[in-house]
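To be precise, the following lines are protein_13.tsv, and they hold TSV, C-alpha atoms.
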```tsv
chain	number	residue	atom	x	y	z
A	831	MET	CA	3.53	-52.06	15.21
A	832	ILE	CA	4.37	-50.26	12.02
A	833	ARG	CA	2.82	-46.95	11.12
A	834	THR	CA	1.31	-46.59	7.66
A	835	THR	CA	-0.65	-43.94	5.81
A	836	ILE	CA	-3.76	-44.49	3.70
A	837	PHE	CA	-5.95	-42.06	1.83
A	838	LEU	CA	-9.72	-42.32	2.36
A	839	PRO	CA	-12.58	-40.50	0.69
A	840	GLN	CA	-13.98	-37.80	2.97
A	841	ASP	CA	-17.33	-39.52	3.48
A	842	LEU	CA	-15.69	-42.83	4.43
A	843	HIS	CA	-13.36	-41.03	6.85
A	844	ALA	CA	-16.31	-39.21	8.45
A	845	ASN	CA	-18.30	-42.45	8.75
A	846	LEU	CA	-15.38	-44.30	10.31
A	847	LYS	CA	-14.76	-41.47	12.74
A	848	HIS	CA	-18.44	-41.54	13.77
A	849	LEU	CA	-18.38	-45.34	14.14
A	850	ALA	CA	-15.20	-45.17	16.23
A	851	VAL	CA	-16.87	-42.70	18.60
A	852	GLU	CA	-19.96	-44.93	18.87
A	853	ARG	CA	-17.84	-48.00	19.60
A	854	ARG	CA	-15.49	-46.07	21.88
A	855	CYS	CA	-12.38	-47.14	20.01
A	856	SER	CA	-9.90	-45.56	17.64
A	857	MET	CA	-10.24	-45.43	13.87
A	858	ALA	CA	-6.99	-47.38	13.72
A	859	ASP	CA	-8.60	-50.19	15.74
A	860	LEU	CA	-11.55	-50.26	13.33
A	861	LEU	CA	-9.29	-50.40	10.30
A	862	ARG	CA	-7.03	-53.11	11.75
A	863	ASP	CA	-10.08	-55.21	12.65
A	864	ALA	CA	-11.59	-54.76	9.17
A	865	VAL	CA	-8.36	-55.74	7.43
A	866	GLU	CA	-7.87	-58.77	9.67
A	867	ARG	CA	-11.44	-59.96	9.05
A	868	LEU	CA	-11.24	-59.37	5.31
A	869	TYR	CA	-7.98	-61.26	4.90
A	870	GLU	CA	-8.35	-63.81	7.70
A	871	GLU	CA	-8.36	-66.79	5.31
A	872	ASP	CA	-5.43	-65.41	3.30
A	873	PHE	CA	-3.44	-64.82	6.49
A	874	ALA	CA	-4.16	-68.41	7.55
A	875	ASP	CA	-2.93	-69.61	4.16
A	876	LEU	CA	0.25	-67.56	4.53
A	877	ARG	CA	0.89	-69.04	7.97
A	878	SER	CA	0.38	-72.53	6.53
A	879	ALA	CA	2.75	-71.74	3.67
A	880	ARG	CA	5.41	-70.49	6.06
A	881	LYS	CA	5.01	-73.60	8.19
A	882	ALA	CA	5.19	-75.81	5.10
A	883	TRP	CA	8.30	-73.99	3.91
A	884	ALA	CA	9.94	-74.44	7.30
A	885	MET	CA	9.17	-78.17	7.16
A	886	HIS	CA	10.41	-78.35	3.58
A	887	SER	CA	13.65	-76.73	4.62
A	888	LYS	CA	14.16	-79.43	7.25
A	889	VAL	CA	12.83	-82.48	5.42
A	890	ALA	CA	12.45	-81.78	1.69
A	891	GLU	CA	11.21	-85.27	0.77
A	892	LYS	CA	8.13	-84.92	3.04
A	893	ALA	CA	7.06	-81.53	1.67
A	894	ILE	CA	4.28	-81.22	-0.90
A	895	PRO	CA	5.02	-79.73	-4.33
A	896	ALA	CA	4.13	-76.06	-4.79
A	897	ARG	CA	1.64	-76.83	-7.59
A	898	GLU	CA	-0.23	-79.21	-5.31
A	899	TYR	CA	-0.29	-76.63	-2.51
A	900	PHE	CA	-1.60	-73.88	-4.77
A	901	ALA	CA	-4.19	-76.22	-6.31
A	902	LYS	CA	-5.52	-77.01	-2.81
A	903	ARG	CA	-5.49	-73.32	-1.92
A	904	SER	CA	-7.46	-72.32	-5.03
A	905	LYS	CA	-10.05	-75.04	-4.29
A	906	LYS	CA	-10.61	-73.56	-0.82
A	907	ARG	CA	-11.51	-70.19	-2.34
A	908	VAL	CA	-14.23	-71.57	-4.62
```
Conversion result in structure tokens:
Amino acid sequence: MIRTTIFLPQDLHANLKHLAVERRCSMADLLRDAVERLYEEDFADLRSARKAWAMHSKVAEKAIPAREYFAKRSKKRV
């Protein structure tokens, strides 16, 4: 894991601290879970893009064009 620093408003920090105590977990666990849930679809898209790039690198003629990929991705978000 990589350590990072974020700045939170005092009230949000206090609420997260209270929630962490109630759930018997760390604030870091709460924040990681929230970020993962918020960006779950984007992370899935990134994994797909990496997989597609790896395939493209091996067999370029079978890969889809970037414009087509991004068009499909933008349709998913609507």
Nearest to Lys847 in chain A, restricted to only C-alpha atoms and choosing among A:Lys881, A:Glu871, A:Thr835, A:Leu861, comes out as A:Leu861
Arg880 in chain A proximity check over A:Ala858, A:Phe837, A:Arg867, A:Tyr899, using only C-alpha atoms: winner is A:Tyr899
My list of candidates is A:Ala901, A:Ile894, A:Leu842, A:Ala850. Which is closest to Asp863 in chain A when distances are computed with all atoms listed in the file?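 Residue with the minimum atom-to-atom distance to Asp863 in chain A: A:Ala850.
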Give the padded box for range 845-856 of chain A as lines of an AutoDock Vina configuration file: axis-aligned, covering all atoms listed in the file, 5 Å on each side, centre and edge lengths in Å to one decimal.
```
center_x = -14.9
center_y = -44.7
center_z = 15.3
size_x = 20.1
size_y = 16.5
size_z = 23.1
```
Choose the residue, out of A:Cys855, A:Ser904, A:Ala884, A:Met831, that has the smallest atom-to-atom separation from Asp872 in chain A; count only C-alpha atoms.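 Among the listed residues, the smallest separation from Asp872 in chain A belongs to A:Ser904.
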Could you jot down the CA of Pro895 in chain A to CA of Glu866 in chain A separation for me, Å, one decimal place?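 These two atoms are separated by 28.3 Å.
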From CA of Leu876 in chain A to CA of Lys906 in chain A the spacing works out at 13.5 Å
Rounded to one decimal, what separation in Å do you get between CA of Ala844 in chain A and CA of Ile832 in chain A?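 Separation of CA of Ala844 in chain A and CA of Ile832 in chain A: 23.7 Å.
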Which of A:Pro839, A:Glu898, A:Lys888, A:Arg833 sits closest to Arg862 in chain A [using all atoms listed in the file]: A:Arg833
Selected residue of minimal separation from Arg903 in chain A among A:Leu846, A:Met885, A:Ala879, A:Leu860, counting only C-alpha atoms: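 Result for the nearest residue to Arg903 in chain A: A:Ala879.
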